[in-house]
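J.: My questions all concern the structure below.
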Amino acid sequence: MDFLRFLYKPKNELEKGGRQSAPVTVGEGEITKPCPNCHNQIPLSQLWENAHCCPICDHHFRMTSRQRLHYLVDRDSFTELFEDVRTKDVLSFPGYQKKLETTENACGEKEGVVCGEALINGEPCALFVMEPYFMMGSMGAAVGEKITRLFDYATERGLPVLGFTVSGGARMQEGIISLMQMAKTSGAALRHSQAGLFYAAVLTDPTTGGVTASFAMEGDVILAEPGATIGFAGARVIEQTTRRKLPQGFQKADFLLKHGFVDAIVPRKQQRETLSMLLRMHKGGEGRG
Amino acid sequence: MAKTAIERVRMARANNRPTGKDYIDNLFEGFFELHGDRQFGDDPAIVGGVAFLEGRPVTVVAIEKGHGVRERMSRNFGAPNPEGYRKAMRLMRQAEKFGRPVVCFVDTSGAYCGIEAEERGQGEAIAQSITTMLSLRVPALSLLIGEGGSGGALALAAGDEVWMLENAIYSVISPEGCASILWKDASRAADAAESLRLTAEDALGFGVVERVIPEKELGRESFYQSLKEALSGKITELAALDPDERLQKRAERFRKIGAY
C-alpha cells in the first residue's frame, strides 16, 4: 500500500518514519559529536570540512574563536593584537581568581575575545572574535579594553572593523567596572564611525545583555548567524517577570530580522564571501565630498 | 556606624525616597513636559522636557518610579521600555540643536525585560542612547538618585560627569540576580551586594562617579537648594569649555575605566 502514502498526511514525527537516519557515514574509530538539533552523530572530520555546521540539518555548532578565524580569514594573514591584555580581579570577588585560572587552562585563551588584523578574500580589516568557551564571552575590563583598542587601532589606520559577538553579557564578577565597558567600547565604536569607517557586526549564538546593548547593535551593518539567540534580557528572566509564555522563535535570528534589528541572516559558509563583498562596497565612494 | 551594602540597597529602593519628578519640581522652574518618541509611543517610566535652572534653559530627562502602588504601576516601576530611551534620545538631540545642557536623573532597577521590549529592540535602544549621550555637543550631567540598575541606568549616564546620592547604588546586576546566578540562592543577596561593590563610595573610588551627594537633609528645601547651586555651578564650568574639548574629556572619562 506504499503507493497510497501521498494521500496520507503524517500527524507527528513517528508517522513520518521517525528521526531520519544519518546520511553520513562514520568510519571505524572516528570521533563523533552529537548535533544538538537533529541528534545525529557527526564525525568531527565532517564538521571541520563543513565549517562546524551539521551536514544533515545545517545547525551551526558553537565554535571557538580560533576555529572561526580558521574558516574566515585568508591563510596566514592573521596578526593577533593585544593578546597580553588580561583582566584583574579588582573587586576581589569571591571565587573569581580561581575561576579565571581554571577557565584559562581549560579554554587555552587568556580572555573572552581575540583581536587582530587580517585579510578576507584579500580585503584588509581589523577584527575581533569573541570566545564562547571563556566564561561565555562575558565582558569584563579586559574584553572591553581589547575591543576598545581594536576600534582605536582601526581608526588610526583607516581600517574597517568586523566583529563576531558571542556573549552572556557583562561579567558580574567585575561589577560596575564591567558595566562601564559598554560605554567604553561604544565610545571607541563612535570614534571609528565618526571617522567615516565601516563596522560590521556578526551576531552569533548567543549574543545577549550588555554586549547586545552596546557594540553588537552599533554596526553599520548587523548580520546574524542562522538560529542564533540574540537579545537583551534572558528568556528565562522574561518568562519569570512577565509570567507569560514566550512566542515560538523568541529572540532567534529570524525574530530579530522580522522586527528590523538585523540586516541579514548569513550562513557561516557564505560569510567569507558576504563580508569581503561588504568590505569592498564600503571602501568609500566617489560621492564623498 | 557605616551601613552595610544591603542596607544601602534597601535605602536606594525605599518607597519614601524622592523620585525623578521630585527633583524636577524642586530644582527647576517652569518644567514643560514633552511626550513621546515620535516612533512608537510615550513611555511613562521616563519623564522629559524643558525647564529653567536658575534662569538657564536646560533639557531634563528622568527615570520615574512613582510614589505609592498605583503610581508605581502606572510608571512600570521605573523600568523603561525602548521607546523611553528613544524619547530621551529625541530630547537630547533637541537639546543639542538649541544649545541646552542636559541633566538626567537615573533611578531604575533596570530596563524593562518583557516580550515587547525585546521585539522593539531594548538592546539597540540602550546602545544608541549611550552613543547619543557620548556624542552630544552640549554639556550633559547625570545624577544617580536611587537605583542604578545595569545598562538601563548607564543608557542615561554617559555624560560629562555622573553624581551619585550617598545611599544610591550602581551595579551591573541586582544583588538578588547575582546571588541566584552564582550561588543558585537568591537569599544570599546580602553577600552579593557586598561583593559587587555597588555603593557610592565604591563608585567614587573606581572613578565611575565624580561626586557623592550627602543625604543628611535628603528631600528638604536646603538639600535641593545646595544641589541646585552645585548643578548650576558645574554646568557653568562645563559650558565654558570648547565643545571638542568637552567631548574628548567625556570620552577619556570612560576610556580610562578598567584600562591597563
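In the C-alpha cells, the first chain shown is A, the next is B, and so on; residue numbers restart at 1 for each chain, and ligands run from 1 in the order shown.
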For A:Ala233, work out the shell of residues within 10 Å, counting only C-alpha atoms and skipping chain neighbours fewer than 3 positions away, then give it as an MDAnalysis selection string.

T.: (chainID A and resid 169 208:210 212:213 230 236:238 251) or (chainID B and resid 111:115 117:118 122:123)

J.: Should the cut-off be 6 Å, what would the residue list for chain B against chain A look like, counting only C-alpha atoms, as a count of residues only?

T.: 13

J.: Atom CA of A:Glu80 to atom CA of A:Tyr199: how many Å, to one decimal?

T.: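 Interatomic distance, atom CA of A:Glu80 to atom CA of A:Tyr199: 18.6 Å.
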
J.: Using DSSP on the backbone, list every residue of stretch 38-274 of chain A that comes out as helix (DSSP H, G or I), and give them as number ranges by chain.

T.: A: 44-49, 65-72, 96-107, 135-137, 141-157, 172-194, 209-212, 215-217, 235-242, 253-258, 268-274

J.: Excluding stretch 128-137 of chain A and its own-chain neighbours fewer than 4 positions away, which residues fall within 8 Å of it when counting only C-alpha atoms? Please give them as a list in words.

T.: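 Within the cut-off, the hits are Arg62, Met63, Thr64, Ser65, Arg68, Leu69, Thr103, Glu104, Cys107, Glu109, Glu111, Gly112, Val113, Val114, Cys115, Gly116, Ile147, Leu150, Val161, Leu162, Gly163, Phe164, Thr165, Val166, Ser167, Gly168 and Gly169 of chain A.
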
J.: Residues near B:Ala125, anyone? I mean within 10 Å using only C-alpha atoms, not counting same-chain ones fewer than 3 positions away, as a PyMOL selection string.

T.: (chain A and resi 212-214+217) or (chain B and resi 81-86+89+117+120-122+128-131+152+155)

J.: Using C-alpha atoms, can you write the selected residues to a file as a CSV table (one decimal), in the first residue's frame?

T.:
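So again-v4.csv came out as:
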```
chain,number,residue,atom,x,y,z
A,212,THR,CA,23.7,43.5,22.7
A,213,ALA,CA,23.2,46.8,24.5
A,214,SER,CA,26.5,48.2,23.2
A,217,MET,CA,24.0,46.9,18.0
B,81,ASN,CA,10.9,50.4,27.5
B,82,PRO,CA,12.8,51.0,24.3
B,83,GLU,CA,10.5,53.9,23.4
B,84,GLY,CA,11.5,55.6,26.7
B,85,TYR,CA,15.2,55.6,25.7
B,86,ARG,CA,14.2,56.8,22.2
B,89,MET,CA,17.5,60.5,22.7
B,117,ALA,CA,10.6,45.3,24.9
B,120,ARG,CA,11.2,46.7,19.9
B,121,GLY,CA,14.9,46.3,20.5
B,122,GLN,CA,15.7,47.1,24.1
B,128,GLN,CA,22.0,54.1,20.8
B,129,SER,CA,21.2,56.0,24.0
B,130,ILE,CA,24.8,55.5,25.3
B,131,THR,CA,26.2,56.6,21.9
B,152,GLY,CA,19.1,50.6,31.7
B,155,ALA,CA,21.9,54.5,29.0
```

J.: Report as a PDB file with all heavy atoms, in the first residue's frame all protein, DNA and RNA residues lying within 9 Å of B:Arg38, evaluated on only C-alpha atoms, omitting residues in the same chain fewer than 3 positions from it.

T.:
```pdb
ATOM      1  N   HIS B  35       6.302  64.753  25.459  1.00  0.00           N
ATOM      2  CA  HIS B  35       5.959  63.331  25.447  1.00  0.00           C
ATOM      3  C   HIS B  35       6.329  62.642  24.139  1.00  0.00           C
ATOM      4  O   HIS B  35       6.272  63.240  23.074  1.00  0.00           O
ATOM      5  CB  HIS B  35       4.451  63.162  25.665  1.00  0.00           C
ATOM      6  CG  HIS B  35       4.002  63.478  27.062  1.00  0.00           C
ATOM      7  ND1 HIS B  35       4.047  62.564  28.078  1.00  0.00           N
ATOM      8  CD2 HIS B  35       3.506  64.620  27.608  1.00  0.00           C
ATOM      9  CE1 HIS B  35       3.584  63.122  29.197  1.00  0.00           C
ATOM     10  NE2 HIS B  35       3.263  64.382  28.937  1.00  0.00           N
ATOM     11  N   GLY B  41       5.577  55.322  20.825  1.00  0.00           N
ATOM     12  CA  GLY B  41       4.687  55.699  21.911  1.00  0.00           C
ATOM     13  C   GLY B  41       5.358  56.572  22.945  1.00  0.00           C
ATOM     14  O   GLY B  41       6.445  57.107  22.707  1.00  0.00           O
ATOM     15  N   ASP B  42       4.690  56.698  24.081  1.00  0.00           N
ATOM     16  CA  ASP B  42       5.234  57.505  25.167  1.00  0.00           C
ATOM     17  C   ASP B  42       5.428  56.612  26.382  1.00  0.00           C
ATOM     18  O   ASP B  42       4.483  56.006  26.866  1.00  0.00           O
ATOM     19  CB  ASP B  42       4.281  58.652  25.505  1.00  0.00           C
ATOM     20  CG  ASP B  42       4.871  59.561  26.572  1.00  0.00           C
ATOM     21  OD1 ASP B  42       6.078  59.886  26.456  1.00  0.00           O
ATOM     22  OD2 ASP B  42       4.164  59.916  27.523  1.00  0.00           O
ATOM     23  N   GLU B  83      11.018  52.625  23.843  1.00  0.00           N
ATOM     24  CA  GLU B  83      10.501  53.940  23.438  1.00  0.00           C
ATOM     25  C   GLU B  83      10.845  55.022  24.467  1.00  0.00           C
ATOM     26  O   GLU B  83      10.892  56.205  24.120  1.00  0.00           O
ATOM     27  CB  GLU B  83       8.994  53.897  23.164  1.00  0.00           C
ATOM     28  CG  GLU B  83       8.135  53.381  24.305  1.00  0.00           C
ATOM     29  CD  GLU B  83       7.960  51.867  24.291  1.00  0.00           C
ATOM     30  OE1 GLU B  83       8.807  51.159  23.689  1.00  0.00           O
ATOM     31  OE2 GLU B  83       6.977  51.389  24.886  1.00  0.00           O
ATOM     32  N   ARG B  86      14.233  56.028  23.502  1.00  0.00           N
ATOM     33  CA  ARG B  86      14.165  56.760  22.227  1.00  0.00           C
ATOM     34  C   ARG B  86      13.597  58.164  22.444  1.00  0.00           C
ATOM     35  O   ARG B  86      14.002  59.103  21.764  1.00  0.00           O
ATOM     36  CB  ARG B  86      13.361  55.951  21.205  1.00  0.00           C
ATOM     37  CG  ARG B  86      14.127  54.679  20.843  1.00  0.00           C
ATOM     38  CD  ARG B  86      13.562  53.883  19.682  1.00  0.00           C
ATOM     39  NE  ARG B  86      14.435  52.721  19.486  1.00  0.00           N
ATOM     40  CZ  ARG B  86      14.064  51.451  19.624  1.00  0.00           C
ATOM     41  NH1 ARG B  86      12.811  51.143  19.884  1.00  0.00           N
ATOM     42  NH2 ARG B  86      14.939  50.476  19.463  1.00  0.00           N
ATOM     43  N   LYS B  87      12.698  58.296  23.398  1.00  0.00           N
ATOM     44  CA  LYS B  87      12.217  59.638  23.754  1.00  0.00           C
ATOM     45  C   LYS B  87      13.382  60.452  24.334  1.00  0.00           C
ATOM     46  O   LYS B  87      13.586  61.611  23.955  1.00  0.00           O
ATOM     47  CB  LYS B  87      11.081  59.546  24.778  1.00  0.00           C
ATOM     48  CG  LYS B  87      10.731  60.887  25.433  1.00  0.00           C
ATOM     49  CD  LYS B  87       9.379  60.877  26.141  1.00  0.00           C
ATOM     50  CE  LYS B  87       9.364  60.054  27.408  1.00  0.00           C
ATOM     51  NZ  LYS B  87       8.066  60.118  28.114  1.00  0.00           N
ATOM     52  N   ARG B  90      15.614  61.595  21.618  1.00  0.00           N
ATOM     53  CA  ARG B  90      14.991  62.680  20.855  1.00  0.00           C
ATOM     54  C   ARG B  90      15.176  64.006  21.607  1.00  0.00           C
ATOM     55  O   ARG B  90      15.556  65.023  21.016  1.00  0.00           O
ATOM     56  CB  ARG B  90      13.497  62.358  20.678  1.00  0.00           C
ATOM     57  CG  ARG B  90      12.742  63.435  19.981  1.00  0.00           C
ATOM     58  CD  ARG B  90      11.245  63.172  19.961  1.00  0.00           C
ATOM     59  NE  ARG B  90      10.577  64.439  20.061  1.00  0.00           N
ATOM     60  CZ  ARG B  90       9.688  64.801  20.973  1.00  0.00           C
ATOM     61  NH1 ARG B  90       9.293  63.950  21.855  1.00  0.00           N
ATOM     62  NH2 ARG B  90       9.191  65.998  21.006  1.00  0.00           N
TER      63      ARG B  90
END
```

J.: Atom CA of B:Asp43 and atom CA of B:Arg220 are how many Å apart?

T.: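 Straight-line distance from atom CA of B:Asp43 to atom CA of B:Arg220 works out to 28.9 Å.
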